[in-house]
Amino acid sequence: MLVRDAMSTVVLTIGPTHTLRQAAALMSARKVGAAIVHDPDAGGIGILTERDILNSVGLGQDPDAERAHAHTTTDVVFAAPAWTLEEAAGAMAHGGFRHLIVLDREEPAGIVSVRDIIRCWVPARRQVPA
């Protein structure tokens, strides 16, 4: 199975000046664990994850004052739609992260997460009669 078969095409894109609270609210509303941060002034595309927001709050930083750009990962590993899920999982395991931005022709086409891969690899639970 390929990344294109598992990735979410519902991609949340935010700007670098969004506050962490704004980012968290948007991520929660869309039920996603990561947002693409588009910052043309800083070289393009980064990713902000729920873990980044959690780390900031855990340090006592104000989510209404902290901006996405200060917590964005810019050294991003990108996946291609034609990667196998094994390649994507290997990149995640090697890099220690749970989300990959999927690029198609240099443009974001989706995000694939560990959860997406697990959903493909583990058959749906069957309902057992009571």
# chains A, B, ... in the order shown; residues from 1 in each chain; ligands from 1
>>> select_by_dssp(residues="region 19-103 of chain A", states="strand (DSSP E)", output="list in words")
Ala34, Ala35, Ile36, Val37, His38, Asp39, Gly44, Ile45, Gly46, Ile47, Leu48, Thr49, Phe78, Ala79, His99, Leu100, Ile101, Val102 and Leu103 of chain A
>>> write_last_selection(atoms="all heavy atoms", output="tab-separated table (two decimals), in the first residue's frame")
chain	number	residue	atom	x	y	z
A	34	ALA	N	-1.55	17.91	13.32
A	34	ALA	CA	-0.46	18.72	12.80
A	34	ALA	C	-1.00	19.73	11.80
A	34	ALA	O	-2.02	19.50	11.17
A	34	ALA	CB	0.59	17.83	12.12
A	35	ALA	N	-0.26	20.82	11.69
A	35	ALA	CA	-0.60	21.85	10.71
A	35	ALA	C	0.65	22.19	9.91
A	35	ALA	O	1.76	22.23	10.46
A	35	ALA	CB	-1.12	23.11	11.41
A	36	ILE	N	0.46	22.43	8.64
A	36	ILE	CA	1.54	22.93	7.81
A	36	ILE	C	1.65	24.43	8.07
A	36	ILE	O	0.64	25.14	8.07
A	36	ILE	CB	1.27	22.65	6.32
A	36	ILE	CG1	1.33	21.14	6.05
A	36	ILE	CG2	2.26	23.40	5.44
A	36	ILE	CD1	0.97	20.75	4.63
A	37	VAL	N	2.87	24.88	8.32
A	37	VAL	CA	3.10	26.31	8.51
A	37	VAL	C	3.78	26.82	7.25
A	37	VAL	O	4.89	26.40	6.92
A	37	VAL	CB	3.96	26.58	9.76
A	37	VAL	CG1	4.19	28.08	9.93
A	37	VAL	CG2	3.31	25.98	11.01
A	38	HIS	N	3.10	27.70	6.56
A	38	HIS	CA	3.64	28.27	5.32
A	38	HIS	C	4.24	29.63	5.66
A	38	HIS	O	3.53	30.55	6.06
A	38	HIS	CB	2.54	28.41	4.27
A	38	HIS	CG	3.04	28.98	2.98
A	38	HIS	ND1	3.93	28.30	2.18
A	38	HIS	CD2	2.81	30.15	2.37
A	38	HIS	CE1	4.20	29.03	1.13
A	38	HIS	NE2	3.54	30.17	1.22
A	39	ASP	N	5.55	29.72	5.52
A	39	ASP	CA	6.27	30.94	5.86
A	39	ASP	C	7.23	31.28	4.72
A	39	ASP	O	8.39	30.86	4.74
A	39	ASP	CB	7.02	30.77	7.17
A	39	ASP	CG	7.62	32.07	7.68
A	39	ASP	OD1	7.56	33.09	6.97
A	39	ASP	OD2	8.16	32.06	8.81
A	44	GLY	N	9.81	28.69	3.33
A	44	GLY	CA	8.80	27.79	2.83
A	44	GLY	C	7.94	27.09	3.84
A	44	GLY	O	7.24	27.71	4.62
A	45	ILE	N	8.02	25.76	3.86
A	45	ILE	CA	7.07	24.92	4.58
A	45	ILE	C	7.70	24.29	5.81
A	45	ILE	O	8.79	23.75	5.75
A	45	ILE	CB	6.55	23.80	3.65
A	45	ILE	CG1	5.83	24.40	2.45
A	45	ILE	CG2	5.63	22.86	4.40
A	45	ILE	CD1	5.47	23.38	1.40
A	46	GLY	N	6.95	24.36	6.91
A	46	GLY	CA	7.33	23.67	8.14
A	46	GLY	C	6.10	22.96	8.70
A	46	GLY	O	5.03	22.98	8.08
A	47	ILE	N	6.27	22.35	9.86
A	47	ILE	CA	5.15	21.64	10.47
A	47	ILE	C	5.09	21.97	11.96
A	47	ILE	O	6.12	22.08	12.63
A	47	ILE	CB	5.27	20.11	10.23
A	47	ILE	CG1	3.99	19.39	10.66
A	47	ILE	CG2	6.51	19.53	10.90
A	47	ILE	CD1	3.88	17.95	10.15
A	48	LEU	N	3.88	22.18	12.44
A	48	LEU	CA	3.60	22.41	13.85
A	48	LEU	C	2.70	21.27	14.30
A	48	LEU	O	1.65	21.03	13.70
A	48	LEU	CB	2.89	23.75	14.05
A	48	LEU	CG	2.53	24.09	15.49
A	48	LEU	CD1	3.78	24.48	16.28
A	48	LEU	CD2	1.49	25.21	15.53
A	49	THR	N	3.12	20.57	15.34
A	49	THR	CA	2.35	19.41	15.81
A	49	THR	C	1.76	19.68	17.19
A	49	THR	O	2.17	20.61	17.89
A	49	THR	CB	3.21	18.15	15.88
A	49	THR	OG1	4.19	18.32	16.91
A	49	THR	CG2	3.89	17.86	14.54
A	78	PHE	N	10.03	15.10	3.97
A	78	PHE	CA	8.81	15.03	3.16
A	78	PHE	C	8.68	13.64	2.57
A	78	PHE	O	9.67	12.99	2.25
A	78	PHE	CB	8.87	16.05	2.02
A	78	PHE	CG	8.92	17.47	2.49
A	78	PHE	CD1	10.10	18.19	2.48
A	78	PHE	CD2	7.76	18.10	2.92
A	78	PHE	CE1	10.15	19.51	2.90
A	78	PHE	CE2	7.80	19.43	3.35
A	78	PHE	CZ	9.00	20.13	3.34
A	79	ALA	N	7.43	13.21	2.41
A	79	ALA	CA	7.14	11.93	1.75
A	79	ALA	C	6.60	12.22	0.35
A	79	ALA	O	6.08	13.31	0.09
A	79	ALA	CB	6.11	11.14	2.54
A	99	HIS	N	4.36	12.49	11.97
A	99	HIS	CA	3.66	13.05	10.81
A	99	HIS	C	4.66	13.32	9.69
A	99	HIS	O	5.77	13.78	9.95
A	99	HIS	CB	2.97	14.37	11.16
A	99	HIS	CG	1.92	14.25	12.20
A	99	HIS	ND1	2.21	14.32	13.55
A	99	HIS	CD2	0.60	14.06	12.12
A	99	HIS	CE1	1.09	14.19	14.23
A	99	HIS	NE2	0.09	14.03	13.38
A	100	LEU	N	4.23	13.08	8.47
A	100	LEU	CA	5.02	13.43	7.29
A	100	LEU	C	4.14	14.27	6.36
A	100	LEU	O	3.00	13.89	6.07
A	100	LEU	CB	5.44	12.18	6.51
A	100	LEU	CG	6.56	11.31	7.06
A	100	LEU	CD1	6.62	10.01	6.29
A	100	LEU	CD2	7.88	12.06	6.97
A	101	ILE	N	4.70	15.38	5.92
A	101	ILE	CA	4.02	16.15	4.88
A	101	ILE	C	4.28	15.45	3.55
A	101	ILE	O	5.41	15.07	3.26
A	101	ILE	CB	4.55	17.60	4.82
A	101	ILE	CG1	4.28	18.32	6.14
A	101	ILE	CG2	3.93	18.35	3.64
A	101	ILE	CD1	4.93	19.69	6.24
A	102	VAL	N	3.23	15.26	2.78
A	102	VAL	CA	3.34	14.59	1.49
A	102	VAL	C	3.37	15.67	0.41
A	102	VAL	O	2.45	16.49	0.31
A	102	VAL	CB	2.17	13.62	1.25
A	102	VAL	CG1	2.33	12.91	-0.08
A	102	VAL	CG2	2.05	12.63	2.40
A	103	LEU	N	4.45	15.67	-0.36
A	103	LEU	CA	4.59	16.63	-1.46
A	103	LEU	C	4.35	15.93	-2.79
A	103	LEU	O	4.86	14.83	-3.02
A	103	LEU	CB	5.99	17.24	-1.49
A	103	LEU	CG	6.38	18.18	-0.36
A	103	LEU	CD1	7.76	18.76	-0.64
A	103	LEU	CD2	5.37	19.30	-0.16
>>> select_by_dssp(residues="region 11-122 of chain A", states="alpha helix (DSSP H)", output="PyMOL selection string")
chain A and resi 20-30+50-58+85-95+114-121
>>> write_last_selection(atoms="C-alpha atoms", output="CSV table (one decimal), in the first residue's frame")
chain,number,residue,atom,x,y,z
A,20,LEU,CA,-0.4,28.6,19.5
A,21,ARG,CA,-3.9,28.9,20.9
A,22,GLN,CA,-5.2,29.8,17.4
A,23,ALA,CA,-3.3,26.8,16.0
A,24,ALA,CA,-4.6,24.5,18.7
A,25,ALA,CA,-8.2,25.6,18.1
A,26,LEU,CA,-7.9,25.1,14.3
A,27,MET,CA,-6.3,21.7,14.8
A,28,SER,CA,-9.0,20.7,17.3
A,29,ALA,CA,-11.8,21.8,15.0
A,30,ARG,CA,-10.4,19.9,12.1
A,50,GLU,CA,0.2,18.9,18.9
A,51,ARG,CA,3.4,17.9,20.7
A,52,ASP,CA,5.0,21.3,19.8
A,53,ILE,CA,2.1,23.0,21.4
A,54,LEU,CA,2.1,20.7,24.4
A,55,ASN,CA,5.8,21.3,25.0
A,56,SER,CA,5.3,25.1,24.9
A,57,VAL,CA,2.5,24.9,27.4
A,58,GLY,CA,4.4,22.5,29.6
A,85,LEU,CA,3.8,2.7,3.9
A,86,GLU,CA,6.9,0.8,5.0
A,87,GLU,CA,9.1,3.7,3.7
A,88,ALA,CA,7.0,6.2,5.5
A,89,ALA,CA,7.0,4.3,8.7
A,90,GLY,CA,10.7,3.8,8.5
A,91,ALA,CA,11.3,7.6,8.0
A,92,MET,CA,9.1,8.3,11.0
A,93,ALA,CA,10.9,5.7,13.2
A,94,HIS,CA,14.3,6.9,12.1
A,95,GLY,CA,13.4,10.6,12.6
A,114,VAL,CA,1.3,7.0,12.3
A,115,ARG,CA,-2.4,6.6,12.9
A,116,ASP,CA,-3.1,6.6,9.2
A,117,ILE,CA,-0.6,3.8,8.6
A,118,ILE,CA,-1.9,1.8,11.5
A,119,ARG,CA,-5.5,2.1,10.1
A,120,CYS,CA,-4.2,0.6,6.8
A,121,TRP,CA,-2.2,-2.2,8.4
